[in-house]
file structure25.cif (mmCIF, C-alpha atoms)
data_upload
loop_
_atom_site.label_atom_id
_atom_site.label_comp_id
_atom_site.auth_asym_id
_atom_site.auth_seq_id
_atom_site.Cartn_x
_atom_site.Cartn_y
_atom_site.Cartn_z
CA MET A 11 0.00 0.00 0.00
CA LYS A 12 1.26 3.43 -0.93
CA LYS A 13 2.22 5.63 2.01
CA ILE A 14 0.14 8.72 2.51
CA THR A 15 2.00 12.04 2.46
CA THR A 16 1.42 14.97 4.79
CA PHE A 17 -0.20 16.88 1.92
CA GLU A 18 -2.54 13.94 1.22
CA MET A 19 -3.46 13.70 4.91
CA ALA A 20 -4.29 17.40 4.90
CA MET A 21 -6.41 16.99 1.77
CA CYS A 22 -8.30 14.09 3.37
CA GLY A 23 -8.94 16.19 6.47
CA ILE A 24 -10.15 19.14 4.42
CA PHE A 25 -12.54 17.03 2.35
CA ALA A 26 -13.82 15.08 5.37
CA ALA A 27 -14.48 18.44 7.07
CA LEU A 28 -16.29 19.75 3.95
CA MET A 29 -18.45 16.61 3.95
CA CYS A 30 -19.24 17.16 7.64
CA ILE A 31 -20.28 20.74 6.88
CA ALA A 32 -22.25 19.99 3.70
CA GLY A 33 -23.84 16.69 4.78
CA PRO A 34 -26.26 18.04 7.39
CA LEU A 35 -27.50 20.78 5.05
CA SER A 36 -30.46 19.15 3.40
CA VAL A 37 -33.79 19.86 1.79
CA PRO A 38 -36.38 17.20 2.60
CA ILE A 39 -38.36 16.40 -0.53
CA GLY A 40 -39.63 13.05 0.71
CA PRO A 41 -38.12 10.19 2.69
CA VAL A 42 -34.69 10.91 1.15
CA PRO A 43 -33.47 14.51 1.38
CA VAL A 44 -31.39 16.43 -1.16
CA THR A 45 -27.96 16.92 0.43
CA LEU A 46 -24.67 18.40 -0.66
CA THR A 47 -22.55 15.43 0.42
CA ASN A 48 -22.25 14.04 -3.09
CA LEU A 49 -21.33 17.49 -4.45
CA VAL A 50 -18.34 17.47 -2.10
CA ILE A 51 -17.53 13.92 -3.22
CA TYR A 52 -17.51 14.93 -6.90
CA PHE A 53 -15.37 17.95 -6.04
CA ALA A 54 -12.95 15.78 -4.06
CA LEU A 55 -12.72 13.23 -6.88
CA ALA A 56 -11.82 15.98 -9.34
CA VAL A 57 -9.23 17.51 -7.00
CA CYS A 58 -7.46 14.56 -5.43
CA GLY A 59 -8.71 11.31 -6.97
CA THR A 60 -10.36 8.12 -5.83
CA ARG A 61 -8.00 7.02 -3.05
CA LEU A 62 -8.03 10.24 -1.05
CA THR A 63 -11.75 10.82 -1.63
CA LEU A 64 -12.50 7.31 -0.35
CA ILE A 65 -10.38 7.90 2.76
CA SER A 66 -12.14 11.25 3.35
CA TYR A 67 -15.56 9.68 2.94
CA ILE A 68 -14.81 6.80 5.27
CA VAL A 69 -13.67 9.31 7.91
CA TYR A 70 -16.96 11.16 7.39
CA LEU A 71 -18.98 7.93 7.72
CA LEU A 72 -17.10 6.93 10.88
CA LEU A 73 -17.70 10.35 12.44
CA GLY A 74 -21.40 10.03 11.64
CA ALA A 75 -21.55 6.44 12.88
CA ALA A 76 -19.96 7.59 16.14
CA GLY A 77 -22.90 9.92 16.64
CA LEU A 78 -21.68 13.27 15.37
CA PRO A 79 -24.55 15.07 13.60
CA VAL A 80 -22.95 15.08 10.14
CA PHE A 81 -25.67 13.27 8.18
CA SER A 82 -28.72 14.91 6.63
CA GLY A 83 -30.85 16.93 9.00
CA PHE A 84 -27.99 17.11 11.52
CA GLN A 85 -28.38 13.44 12.44
CA GLY A 86 -25.75 10.91 13.34
CA GLY A 87 -25.37 7.44 14.77
CA LEU A 88 -25.54 3.85 13.64
CA ALA A 89 -29.35 4.01 13.50
CA LYS A 90 -29.12 6.50 10.62
CA LEU A 91 -26.72 4.23 8.73
CA ALA A 92 -28.88 1.17 9.37
CA GLY A 93 -32.12 3.02 8.60
CA PRO A 94 -34.03 3.22 5.32
CA THR A 95 -31.80 5.91 3.78
CA GLY A 96 -28.53 4.50 5.09
CA GLY A 97 -28.07 2.49 1.92
CA TYR A 98 -27.45 5.69 -0.01
CA LEU A 99 -24.70 6.66 2.44
CA ILE A 100 -23.07 3.24 2.02
CA GLY A 101 -23.75 3.34 -1.73
CA PHE A 102 -21.62 6.48 -2.03
CA ILE A 103 -18.62 4.20 -1.52
CA LEU A 104 -19.53 2.49 -4.81
CA MET A 105 -20.01 5.92 -6.37
CA ILE A 106 -16.51 6.95 -5.33
CA LEU A 107 -14.90 3.73 -6.54
CA ILE A 108 -16.67 3.49 -9.90
CA GLY A 109 -16.94 7.19 -10.68
CA GLY A 110 -13.46 7.95 -9.40
CA VAL A 111 -11.67 5.31 -11.43
CA ILE A 112 -13.47 6.31 -14.64
CA TYR A 113 -12.90 10.00 -13.95
CA GLU A 114 -9.18 9.55 -13.22
CA ARG A 115 -8.69 7.70 -16.51
CA ASN A 116 -10.51 10.48 -18.40
CA VAL A 117 -9.53 13.62 -16.49
CA SER A 118 -8.73 15.44 -19.74
CA ARG A 119 -12.14 14.45 -21.15
CA PRO A 120 -14.63 15.92 -18.68
CA VAL A 121 -17.73 14.64 -20.49
CA ILE A 122 -16.53 11.03 -20.23
CA GLY A 123 -15.33 11.65 -16.67
CA GLY A 124 -18.74 13.11 -15.80
CA ALA A 125 -20.47 10.12 -17.38
CA GLY A 126 -18.27 7.92 -15.19
CA MET A 127 -19.34 9.83 -12.11
CA PHE A 128 -22.98 9.40 -13.18
CA LEU A 129 -22.38 5.67 -13.61
CA GLY A 130 -20.99 5.57 -10.07
CA LEU A 131 -24.05 7.48 -8.90
CA ALA A 132 -26.27 4.91 -10.62
CA ALA A 133 -24.55 2.18 -8.60
CA ALA A 134 -25.23 4.15 -5.42
CA TYR A 135 -28.86 4.55 -6.49
CA VAL A 136 -29.20 0.79 -7.04
CA PHE A 137 -27.66 -0.09 -3.67
CA GLY A 138 -29.53 2.62 -1.77
CA THR A 139 -32.87 1.84 -3.41
CA ALA A 140 -32.53 -1.89 -2.75
CA TRP A 141 -31.75 -1.05 0.90
CA PHE A 142 -34.76 1.30 1.06
CA VAL A 143 -37.09 -1.33 -0.47
CA TYR A 144 -35.88 -3.94 2.02
CA GLN A 145 -36.16 -1.63 5.05
CA MET A 146 -39.50 -0.07 4.17
CA HIS A 147 -41.16 -3.13 2.58
CA VAL A 148 -42.28 -1.11 -0.44
CA ALA A 149 -42.37 -1.77 -4.17
CA VAL A 150 -39.35 -0.87 -6.28
CA SER A 151 -41.52 1.44 -8.39
CA TYR A 152 -42.49 3.43 -5.28
CA ALA A 153 -38.87 3.61 -4.10
CA LEU A 154 -37.73 4.87 -7.51
CA THR A 155 -40.45 7.52 -7.43
CA VAL A 156 -39.43 8.91 -4.03
CA CYS A 157 -35.73 8.06 -3.89
CA VAL A 158 -34.29 8.33 -7.42
CA TRP A 159 -36.27 10.17 -10.10
CA PRO A 160 -36.58 13.50 -8.22
CA PHE A 161 -32.83 13.55 -7.52
CA ILE A 162 -31.42 13.01 -11.01
CA PRO A 163 -31.58 16.69 -12.11
CA PHE A 164 -29.95 17.85 -8.85
CA ASP A 165 -27.25 15.20 -9.16
CA ILE A 166 -26.43 16.12 -12.75
CA VAL A 167 -25.94 19.73 -11.66
CA LYS A 168 -23.77 18.58 -8.73
CA ILE A 169 -21.60 16.46 -11.02
CA VAL A 170 -21.06 19.36 -13.42
CA LEU A 171 -20.28 21.80 -10.58
CA GLY A 172 -17.97 19.31 -8.86
CA ILE A 173 -16.00 18.75 -12.04
CA LEU A 174 -15.80 22.43 -13.04
CA VAL A 175 -14.74 23.70 -9.62
CA GLY A 176 -12.65 20.62 -8.84
CA ASN A 177 -10.63 20.82 -12.07
CA THR A 178 -9.93 24.50 -11.42
CA VAL A 179 -8.74 23.79 -7.88
CA ARG A 180 -6.67 20.76 -8.96
CA LYS A 181 -4.89 22.83 -11.62
CA ALA A 182 -4.20 25.58 -9.07
CA VAL A 183 -2.80 23.05 -6.59
CA LEU A 184 -0.53 21.59 -9.25
CA ARG A 185 0.59 25.05 -10.46
CA ALA A 186 1.41 26.01 -6.90
CA GLY A 187 3.60 22.92 -6.61
CA LEU A 188 1.70 21.64 -3.59
CA ALA A 189 1.34 18.13 -5.00
CA ALA A 190 3.42 16.04 -7.36
CA GLY A 191 0.19 14.89 -9.01
CA SER A 192 -3.20 15.07 -7.38
CA ASN A 193 -4.69 12.30 -9.47
#

call {"tool": "encode", "arguments": {"input": "structure25.cif", "output": "structure tokens"}}
result
Amino acid sequence: MKKITTFEMAMCGIFAALMCIAGPLSVPIGPVPVTLTNLVIYFALAVCGTRLTLISYIVYLLLGAAGLPVFSGFQGGLAKLAGPTGGYLIGFILMILIGGVIYERNVSRPVIGGAGMFLGLAAAYVFGTAWFVYQMHVAVSYALTVCVWPFIPFDIVKIVLGILVGNTVRKAVLRAGLAAGSN
């Protein structure tokens, strides 16, 4: 396993902190709220890649699991992770892995990288929706109606913003000589 540098540790801390700030800010539009957590994930993927984003997200999940109010609606604890919407939080790990790998291989082609992030998001939707269906004992069609379809426009905007802002920040970090290669 590759050793983590001081710069990489700092980046992980910064992105975990951004997730903790953005995660609780949510707009309830049904049983699953619109949050900014995945915007920060897309931003982190564009700035520092899959490995560091995954580390940052796991730190965020552990802080939330420990009870800090970093999840939507300023909630925390294992009950939130095990609850009906917890599958989306766990599914973001798939989003990071799938979307991050595709994005890293296509960083100079933002449309393909963005499509990769959307593919990762689709994996998170599948996992989270299956979890929701199991927990709530509802039909898949109902779960899609309340947990997926309303979120797609918001998520497309978040992917675009994450890539645009993230690429700008990554280029600035590289120009400043702060990292040998963020991706």

call {"tool": "residues_around", "arguments": {"input": "structure25.cif", "residues": "Tyr67 of chain A", "least_positions_apart": "3", "cutoff": "12 Å", "atoms": "only C-alpha atoms", "output": "PyMOL selection string"}}
result
chain A and resi 21-30+33+47-48+50-52+54-55+60-64+70-74+80-81+99-107

call {"tool": "resolve_selection", "arguments": {"input": "structure25.cif", "expression": "the PyMOL selection byres ((chain A and resi 97) around 12)", "output": "PyMOL selection string"}}
result
chain A and resi 42+89-96+98-104+133-146+157

call {"tool": "write_last_selection", "arguments": {"input": "structure25.cif", "atoms": "C-alpha atoms", "output": "PDB file, in the coordinates of the input"}}
result
ATOM      1  CA  VAL A  42     -34.690  10.910   1.150  1.00  0.00           C
ATOM      2  CA  ALA A  89     -29.350   4.010  13.500  1.00  0.00           C
ATOM      3  CA  LYS A  90     -29.120   6.500  10.620  1.00  0.00           C
ATOM      4  CA  LEU A  91     -26.720   4.230   8.730  1.00  0.00           C
ATOM      5  CA  ALA A  92     -28.880   1.170   9.370  1.00  0.00           C
ATOM      6  CA  GLY A  93     -32.120   3.020   8.600  1.00  0.00           C
ATOM      7  CA  PRO A  94     -34.030   3.220   5.320  1.00  0.00           C
ATOM      8  CA  THR A  95     -31.800   5.910   3.780  1.00  0.00           C
ATOM      9  CA  GLY A  96     -28.530   4.500   5.090  1.00  0.00           C
ATOM     10  CA  TYR A  98     -27.450   5.690  -0.010  1.00  0.00           C
ATOM     11  CA  LEU A  99     -24.700   6.660   2.440  1.00  0.00           C
ATOM     12  CA  ILE A 100     -23.070   3.240   2.020  1.00  0.00           C
ATOM     13  CA  GLY A 101     -23.750   3.340  -1.730  1.00  0.00           C
ATOM     14  CA  PHE A 102     -21.620   6.480  -2.030  1.00  0.00           C
ATOM     15  CA  ILE A 103     -18.620   4.200  -1.520  1.00  0.00           C
ATOM     16  CA  LEU A 104     -19.530   2.490  -4.810  1.00  0.00           C
ATOM     17  CA  ALA A 133     -24.550   2.180  -8.600  1.00  0.00           C
ATOM     18  CA  ALA A 134     -25.230   4.150  -5.420  1.00  0.00           C
ATOM     19  CA  TYR A 135     -28.860   4.550  -6.490  1.00  0.00           C
ATOM     20  CA  VAL A 136     -29.200   0.790  -7.040  1.00  0.00           C
ATOM     21  CA  PHE A 137     -27.660  -0.090  -3.670  1.00  0.00           C
ATOM     22  CA  GLY A 138     -29.530   2.620  -1.770  1.00  0.00           C
ATOM     23  CA  THR A 139     -32.870   1.840  -3.410  1.00  0.00           C
ATOM     24  CA  ALA A 140     -32.530  -1.890  -2.750  1.00  0.00           C
ATOM     25  CA  TRP A 141     -31.750  -1.050   0.900  1.00  0.00           C
ATOM     26  CA  PHE A 142     -34.760   1.300   1.060  1.00  0.00           C
ATOM     27  CA  VAL A 143     -37.090  -1.330  -0.470  1.00  0.00           C
ATOM     28  CA  TYR A 144     -35.880  -3.940   2.020  1.00  0.00           C
ATOM     29  CA  GLN A 145     -36.160  -1.630   5.050  1.00  0.00           C
ATOM     30  CA  MET A 146     -39.500  -0.070   4.170  1.00  0.00           C
ATOM     31  CA  CYS A 157     -35.730   8.060  -3.890  1.00  0.00           C
TER      32      CYS A 157
END

call {"tool": "closest_residue", "arguments": {"input": "structure25.cif", "among": "A:Ile65, A:Val44, A:Ala32, A:Leu174", "to": "Val117 of chain A", "atoms": "all atoms listed in the file"}}
result
A:Leu174

call {"tool": "residues_around", "arguments": {"input": "structure25.cif", "residues": "Pro120 of chain A", "least_positions_apart": "3", "cutoff": "12 Å", "atoms": "only C-alpha atoms", "output": "ChimeraX atom specification"}}
result
/A:56,112-117,123-128,169-177

call {"tool": "atom_distance", "arguments": {"input": "structure25.cif", "atom1": "atom CA of Ile162 of chain A", "atom2": "atom CA of Val69 of chain A"}}
result
26.2 Å

call {"tool": "atom_distance", "arguments": {"input": "structure25.cif", "atom1": "atom CA of Ala76 of chain A", "atom2": "atom CA of Pro43 of chain A"}}
result
21.2 Å

call {"tool": "residues_around", "arguments": {"input": "structure25.cif", "residues": "Phe84 of chain A", "least_positions_apart": "2", "cutoff": "9 Å", "atoms": "only C-alpha atoms", "output": "list in words"}}
result
Gly33, Pro34, Leu35, Ser36, Leu78, Pro79, Val80, Phe81, Ser82 and Gly86 of chain A

call {"tool": "write_last_selection", "arguments": {"input": "structure25.cif", "atoms": "C-alpha atoms", "output": "PDB file, in the frame of the given file"}}
result
ATOM      1  CA  GLY A  33     -23.840  16.690   4.780  1.00  0.00           C
ATOM      2  CA  PRO A  34     -26.260  18.040   7.390  1.00  0.00           C
ATOM      3  CA  LEU A  35     -27.500  20.780   5.050  1.00  0.00           C
ATOM      4  CA  SER A  36     -30.460  19.150   3.400  1.00  0.00           C
ATOM      5  CA  LEU A  78     -21.680  13.270  15.370  1.00  0.00           C
ATOM      6  CA  PRO A  79     -24.550  15.070  13.600  1.00  0.00           C
ATOM      7  CA  VAL A  80     -22.950  15.080  10.140  1.00  0.00           C
ATOM      8  CA  PHE A  81     -25.670  13.270   8.180  1.00  0.00           C
ATOM      9  CA  SER A  82     -28.720  14.910   6.630  1.00  0.00           C
ATOM     10  CA  GLY A  86     -25.750  10.910  13.340  1.00  0.00           C
TER      11      GLY A  86
END

call {"tool": "closest_residue", "arguments": {"input": "structure25.cif", "among": "A:Leu88, A:Val156, A:Val111, A:Ile68", "to": "Ile39 of chain A", "atoms": "only C-alpha atoms"}}
result
A:Val156

call {"tool": "atom_distance", "arguments": {"input": "structure25.cif", "atom1": "atom CA of Thr178 of chain A", "atom2": "atom CA of Ile122 of chain A"}}
result
17.4 Å

call {"tool": "closest_residue", "arguments": {"input": "structure25.cif", "among": "A:Phe17, A:Tyr152, A:Ile108, A:Cys58", "to": "Val179 of chain A", "atoms": "all atoms listed in the file"}}
result
A:Cys58

call {"tool": "resolve_selection", "arguments": {"input": "structure25.cif", "expression": "the PyMOL selection byres ((chain A and resi 188) around 12)", "output": "list in words"}}
result
Thr15, Thr16, Phe17, Glu18, Ala20, Met21, Cys58, Val179, Arg180, Lys181, Ala182, Val183, Leu184, Arg185, Ala186, Gly187, Ala189, Ala190, Gly191 and Ser192 of chain A
